[in-house]
Structure formats: structure tokens, C-alpha cells
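J.: This is the structure, below, for whatever I ask next.
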Amino acid sequence: MSVENKVKGIIADQLEVGIDKLTLDTTFEDIDADSLDIVELVMALEEEFDLEISDQEIENIKTVGDVVRYIESKV
Amino acid sequence: MELKGKTAIITGASRGIGRATALALAKAGANVVINYTSNELKAAAVKEQIENDGGSAVIFKADVTEYKQCEALVQCAIDHFNRVDILINNAGITRDNLLARMKPEEWREVIDTNLSGVYNCCRAVMRPLLKQKSGGRIINIASVAGIHGNSGQANYAAAKGGVISFTKSLAKELGSRNVTVNAVAPGFIETEMTEALSGQVKEQVLSRIALGRFGQPEDVADLVLFLASSAAYITGQVIVVDGSLSM
Ligand SMILES: NC(=O)c1ccc[n+]([C@@H]2O[C@H](COP(=O)([O-])OP(=O)(O)OC[C@H]3O[C@@H](n4cnc5c(N)ncnc54)[C@H](OP(=O)(O)O)[C@@H]3O)[C@@H](O)[C@H]2O)c1
């Protein structure tokens with residue numbers, strides 16, 4: 001499975017949104033994610049991809065595409 | 001029973017209030033993790049009593065001042081019982097002294113154990129608690145000294161006051177995840193912690209308690225059980241259990 005599909009799957013699962021609603025341009029605001037949602041998402045990503053995401057990096061995450069590009073650069 | 005299938009971690013459960021709380025939660029059906037730091041025999045005795053009554057428990061040595069050990073404590077709950085639903089932060093110490101004589105280590109030890117210990121355990125339990133997505137209960141044992149202050153206990157009162165504000169903040173952070181966070185503020189409870197006080201001090205305290213007796217660990221455990229099992233709509237509160245001492 002591509003990183004993009006994996007990431008979308010995790011986001012859909014964590015934030016309880018339909019995966020078909022997610023594009024690379026979808027912002028977390030669009031899907032009503034609050035700061036704790038983002039933290040939970042980051043915990044799930046850290047586990048799935050076995051990496052650590054810093055607070056600074058979290059701040060730069062605004063869209064689904066940001067997450068995909070970030071993970072692609074790390075794995 | 002009301003806590004059947006739930007897992008509770010109780011820090012400092014080898015003696016006193018923690019012990020009574022572990023017994024009460026186990027009786028209500030919870031699987032309990034009995035934490036201690038030095039008294040293995042006493043912790044084992046609590047476990048044995050729970051098992052004799054048909055409950056299930058494990059003991060786990062961890063110093064709450066050490067974050068890594070708190071992580072291991074939480075992992076112990078997951079290894080044995082597959083989950084963690086309830087955290088009771090009870091471990092605590094006193095190093096009483098008038099400030100004019102209080103040594104830096106007396107200040108530090110109390111802050112490390114009574115305040116940072118609460119951060120350590122709460123932080124360690126966050127990931128499993130959020131991942132389970134099934135809510136949870138955190139109950140912090142503060143003290144009336146943390147509300148009103150107490151001469152000779154500036155270190156202790158500061159730590160307990162900190163625990164109360166911490167409790168309120170965490171309640172706001174976790175409310176949307178159905179995790180309630182409350183503090184319990186006992187008055188004078190008969191345990192090894194208060195045993196050391198002089199007869200004169202005890203008499204003075206007793207004269208201020210309307211109910212005319214010191215509290216027992218079970219009096220506090222009753223309230224903790226209520227907060228851990230029912231009390232679904234109570235969060236961010238500090239509830240006093242002191243027989244009116246601080247009134
Ligand atoms: N007694 C009172 O009148 C009263 C009033 C208000 C608030 N409280 C609070 O209630 C809580 C329990 O008090 P208590 O009277 O039951 O005390 P206690 O009888 O002295 O028992 C203290 C417990 O804390 C554990 N402990 C101490 N330091 C620890 C550490 N670094 N890591 C892990 N465990 C540690 C001890 O374990 P070991 O047995 O292994 O040493 C013991 O199980 C405390 O937070 C206390 O401040 C008590």
C-alpha cells in the first residue's frame with residue numbers, strides 16, 4: 001500500500017471521517033480536528049511508521065498532504 | 001459488579017489510603033495494580049487479601065519520581081490485564097518543617113513525589129487511555145493542606161495545591177474523550193503518615209473535627225470508589241473528605 005493510502009486510512013480511522021472525503025488538500029480544520037485529535041493522530045502515525053514526530057513538526061502539519069510528504073521523507 | 005472488566009492502577013497501595021482504595025476497587029470487581037516503592041511484603045499482603053476475596057491483582061515496584069518506572073507501571077497493567085481504565089495517584093510523602101528550617105532536599109523530595117509523581121503517572125497513561133477510546137477515570141489524592149495551606153507544610157501544601165490545579169487543567173483537556181479527572185482532599189486520616197505526629201497536635205486537630213473522630217483510610221476509599229465507578233458527570237473537582245476539619 002502506498003504511504004498516501006496508509007496515511008489516509010489512519011486519518012480516517014482516528015478522526016472518524018470517510019476515507020473518500022480525504023484528498024491531499026484536505027485541511028484538518030475541514031474535518032473538525034482539534035488539537036487533541038492531532039496529538040492522537042500523531043501517536044498513531046508514530047506507532048505505524050515507527051518514528052518520532054517533534055512538536056515543531058506537528059505545528060507544520062496543516063493538510064493531509066503535509067502528513068503524507070512528511071512521512072515519505074522519513075521512511 | 002460495577003467495575004468488572006476494568007483495570008485500575010493505584011500508586012502507593014502497600015499501606016494506608018492506597019491500600020484501602022485498592023481493596024475497595026477490587027471488591028467492586030476491578031483488576032488492580034498495586035504499586036509500591038519499598039514495602040514489597042505489605043504490597044504482597046494486599047494482593048493476597050484481594051485474591052482471597054476472589055479478586056485479581058498484581059504488585060509492581062515503581063518509584064513515581066522516575067518517569068521510566070511509571071511507564072513500566074502502566075505497561076504492567078497492560079501486560080496483565082490488557083488495558084487500563086482508572087489511575088489513582090495516591091503515593092505521597094511528608095517532610096514537615098517550618099520554612100525557616102526547611103532544607104532544599106525536603107522541598108525537592110516532596111515536590112518530586114507528590115507533584116511530579118502525578119505528572120509522571122498521568123503522562124505515562126495518556127497513550128493507552130486515549131488509544132482505547134473508552135473513556136477513563138483519573139483520581140488524584142490531594143489534601144486539605146493544598147486548599148488552605150498549613151504551617152510547617154509549605155512544601156506539601158505547594159505540591160498538593162499544584163495537584164489540584166493540574167487536576168482542573170487535565171479535566172479540561174480530556175473531557176472530550178470522556179476521561180474524568182478529579183482530586184480528593186482528605187483531612188486527618190489515621191495512617192502511618194499521621195502516626196508520627198505528637199499527641200498534642202492530634203488533640204488539637206481532633207477538637208476541630210465536628211464528627212469527633214479522625215478519618216479512616218476506608219472513608220477516603222469510599223469517595224474514590226464513587227468517583228471511579230459512578231460519578232460520570234463530575235470532573236475537574238476537588239472533593240474534601242475531612243469530617244469538617246477545614247470548615
Ligand atoms: N494520612 C492523612 O492524613 C492524609 C491527609 C491528606 C492527604 N493524604 C495523602 O494521601 C496519600 C496517601 O497517604 P497515606 O496516609 O496513606 O500515606 P502512607 O500510609 O505513608 O503510605 C504512603 C504510600 O505511598 C507509597 N510511596 C511513597 N513514596 C513513593 C514513591 N516515590 N513511589 C511510589 N510509591 C511511594 C508508599 O509505598 P511503600 O510502602 O513502598 O513505602 C505507601 O504505599 C498521600 O498522597 C498523602 O499525601 C494523607
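Just remember, in the C-alpha cells the first chain shown is A, the second B, etc., residues are 1-based per chain, and ligands are 1-based in the order shown.
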Quick one: everything within 10 Å of range 100-103 of chain B, counting only C-alpha atoms, minus sequence neighbours fewer than 6 positions away in the same chain. Send it as JSON, numbers by chain.

T.: {"B": [152, 153, 154, 155]}

J.: If we count only C-alpha atoms, which residues of chain A reach to within 12 Å of chain B? Please list them as a short mmCIF file (atom, residue, chain, number, x, y, z; two decimals) with N, CA, C and O atoms, in the first residue's frame.

T.:
data_model
loop_
_atom_site.label_atom_id
_atom_site.label_comp_id
_atom_site.auth_asym_id
_atom_site.auth_seq_id
_atom_site.Cartn_x
_atom_site.Cartn_y
_atom_site.Cartn_z
N ASP A 13 -9.53 6.56 10.17
CA ASP A 13 -9.79 5.73 11.34
C ASP A 13 -9.78 6.57 12.63
O ASP A 13 -10.70 6.51 13.44
N GLN A 14 -8.72 7.36 12.78
CA GLN A 14 -8.53 8.14 14.00
C GLN A 14 -9.60 9.22 14.16
O GLN A 14 -10.10 9.47 15.25
N LEU A 15 -9.89 9.90 13.05
CA LEU A 15 -10.77 11.07 13.14
C LEU A 15 -12.20 10.76 12.72
O LEU A 15 -13.04 11.65 12.65
N GLU A 16 -12.42 9.49 12.46
CA GLU A 16 -13.77 9.04 12.11
C GLU A 16 -14.40 9.85 10.98
O GLU A 16 -15.47 10.44 11.13
N ALA A 33 -10.85 18.67 13.20
CA ALA A 33 -9.93 18.04 14.15
C ALA A 33 -9.43 19.09 15.14
O ALA A 33 -8.96 20.15 14.74
N ASP A 34 -9.55 18.82 16.43
CA ASP A 34 -9.00 19.75 17.43
C ASP A 34 -7.57 19.33 17.77
O ASP A 34 -7.04 18.36 17.22
N SER A 35 -6.94 20.08 18.70
CA SER A 35 -5.52 19.82 18.95
C SER A 35 -5.27 18.43 19.54
O SER A 35 -4.26 17.79 19.24
N LEU A 36 -6.20 17.95 20.34
CA LEU A 36 -6.02 16.60 20.91
C LEU A 36 -6.20 15.53 19.83
O LEU A 36 -5.52 14.51 19.84
N ASP A 37 -7.09 15.82 18.84
CA ASP A 37 -7.23 14.89 17.71
C ASP A 37 -5.89 14.75 16.98
O ASP A 37 -5.49 13.65 16.59
N VAL A 39 -2.92 15.27 18.18
CA VAL A 39 -1.98 14.52 19.03
C VAL A 39 -2.25 13.02 18.93
O VAL A 39 -1.33 12.21 18.81
N GLU A 40 -3.52 12.65 18.94
CA GLU A 40 -3.86 11.23 18.82
C GLU A 40 -3.44 10.68 17.47
O GLU A 40 -2.95 9.56 17.37
N LEU A 41 -3.64 11.50 16.44
CA LEU A 41 -3.24 11.09 15.09
C LEU A 41 -1.72 10.88 15.04
O LEU A 41 -1.23 9.89 14.50
N VAL A 42 -1.00 11.82 15.64
CA VAL A 42 0.46 11.72 15.64
C VAL A 42 0.91 10.44 16.38
O VAL A 42 1.81 9.74 15.93
N MET A 43 0.25 10.12 17.50
CA MET A 43 0.60 8.90 18.23
C MET A 43 0.41 7.67 17.34
O MET A 43 1.22 6.76 17.33
N ALA A 44 -0.69 7.67 16.59
CA ALA A 44 -0.97 6.53 15.72
C ALA A 44 0.05 6.44 14.58
O ALA A 44 0.52 5.36 14.24
N GLU A 46 3.12 7.63 14.68
CA GLU A 46 4.41 7.24 15.27
C GLU A 46 4.48 5.73 15.43
O GLU A 46 5.52 5.11 15.18
N GLU A 47 3.37 5.14 15.84
CA GLU A 47 3.36 3.70 16.03
C GLU A 47 3.42 2.96 14.70
O GLU A 47 4.20 2.04 14.52
#

J.: Out of range 5-40 of chain A, which residues get alpha helix (DSSP H) from DSSP, as a list in words?

T.: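 Residues meeting the alpha helix (DSSP H) criterion: Asn5, Lys6, Val7, Lys8, Gly9, Ile10, Ile11, Ala12, Asp13, Gln14, Leu15, Ser35, Leu36, Asp37, Ile38, Val39 and Glu40 of chain A.
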
J.: Given only C-alpha atoms and all ligand atoms, how would the per-residue table for chain B near ligand 1 read, listing every residue at most 7 Å away with its closest atom pair and distance in Å to one decimal, sorted by chain and number, as a tab-separated table?

T.:
residue	atom	partner	partner_atom_place_in_ligand_line	distance
B:Thr11	CA	ligand 1	34 (N)	5.7
B:Gly12	CA	ligand 1	43 (O)	3.3
B:Ala13	CA	ligand 1	43 (O)	4.6
B:Ser14	CA	ligand 1	43 (O)	4.1
B:Arg15	CA	ligand 1	43 (O)	4.5
B:Gly16	CA	ligand 1	16 (O)	3.4
B:Ile17	CA	ligand 1	16 (O)	3.8
B:Gly18	CA	ligand 1	16 (O)	5.6
B:Asn35	CA	ligand 1	34 (N)	6.4
B:Tyr36	CA	ligand 1	40 (O)	3.9
B:Thr37	CA	ligand 1	40 (O)	3.7
B:Ser38	CA	ligand 1	40 (O)	3.6
B:Asn39	CA	ligand 1	40 (O)	3.8
B:Glu40	CA	ligand 1	40 (O)	6.5
B:Lys42	CA	ligand 1	39 (O)	6.9
B:Ala62	CA	ligand 1	33 (C)	5.7
B:Asp63	CA	ligand 1	32 (N)	3.5
B:Val64	CA	ligand 1	32 (N)	4.0
B:Thr65	CA	ligand 1	31 (N)	5.4
B:Asn90	CA	ligand 1	45 (O)	4.5
B:Ala91	CA	ligand 1	24 (O)	3.7
B:Gly92	CA	ligand 1	45 (O)	3.6
B:Ile93	CA	ligand 1	27 (C)	5.6
B:Thr94	CA	ligand 1	47 (O)	6.9
B:Thr113	CA	ligand 1	31 (N)	5.3
B:Asn114	CA	ligand 1	45 (O)	6.3
B:Ile141	CA	ligand 1	45 (O)	5.3
B:Ala142	CA	ligand 1	7 (C)	5.6
B:Ser143	CA	ligand 1	6 (C)	4.1
B:Val144	CA	ligand 1	6 (C)	6.4
B:Ala185	CA	ligand 1	6 (C)	6.1
B:Pro186	CA	ligand 1	6 (C)	4.2
B:Gly187	CA	ligand 1	5 (C)	4.9
B:Phe188	CA	ligand 1	3 (O)	3.7
B:Ile189	CA	ligand 1	3 (O)	3.6
B:Glu190	CA	ligand 1	1 (N)	5.7
B:Thr191	CA	ligand 1	15 (O)	4.7
B:Glu192	CA	ligand 1	19 (O)	4.4
B:Met193	CA	ligand 1	20 (O)	4.1
B:Thr194	CA	ligand 1	1 (N)	5.4
B:Pro217	CA	ligand 1	16 (O)	6.9

J.: Within 7 Å of Thr27 in chain A, counting only C-alpha atoms, which residues show up once you throw out same-chain ones fewer than 6 positions away? Write them as an NGL selection string, please.

T.: :A and (62-64)

J.: Pick out each residue of range 7-245 of chain B that DSSP on the backbone tags as strand (DSSP E); I need them as an NGL selection string.

T.: :B and (7-10 or 31-36 or 57-61 or 86-89 or 136-141 or 179-186 or 238-241)

J.: Please measure the separation of CA of Lys8 in chain A and CA of Asp85 in chain B, giving the value in Å to one decimal.

T.: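 Straight-line distance from CA of Lys8 in chain A to CA of Asp85 in chain B works out to 29.0 Å.
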
J.: With only C-alpha atoms as the basis for distance, which of B:Glu71, B:Glu106, B:Glu2, B:Asp53 is at the shortest distance from Tyr119 in chain B?

T.: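 Once distances to Tyr119 in chain B are computed over only C-alpha atoms, the minimum belongs to B:Glu71.
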
J.: Go through B:Leu99, B:Val84, B:Val74, B:Ala22 and flag the residue nearest Glu51 in chain B, using only C-alpha atoms for the distances.

T.: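 Once distances to Glu51 in chain B are computed over only C-alpha atoms, the minimum belongs to B:Ala22.
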
J.: Which residue, B:Lys172, B:Arg137, B:Lys6, B:His148, has the smallest gap to Val240 in chain B when you use only C-alpha atoms?

T.: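 For Val240 in chain B, the nearest of the candidates is B:His148.
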
J.: I'd like to know which of B:Lys27, B:Arg213, B:Lys68, B:Lys168 is closest to Gly117 in chain B, using only C-alpha atoms.

T.: B:Lys68

J.: From the options B:Val224, B:Ala158, B:Ala28, B:Val125, which residue's atoms come nearest to Cys70 in chain B, counting only C-alpha atoms?

T.: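 The answer is B:Val125, which sits nearest to Cys70 in chain B.
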
J.: Which residues are near Asp222 in chain B? Cut-off 10 Å, only C-alpha atoms, ignore same chain within fewer than 5 positions. Put them as a list in words.

T.: Ala20, Thr21, Ala24, Leu25, Pro217, Leu227, Ala228 and Val241 of chain B

J.: Considering only C-alpha atoms, can you say which of A:Ile53, A:Leu24, A:Val75, A:Ile61 comes closest to Glu4 in chain A?

T.: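 For Glu4 in chain A, the nearest of the given residues is A:Leu24.
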
J.: In Å to one decimal, how far is CA of Val220 in chain B from CA of Glu48 in chain B?

T.: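 Atom-to-atom, CA of Glu48 in chain B and CA of Val220 in chain B are spaced 21.7 Å apart.
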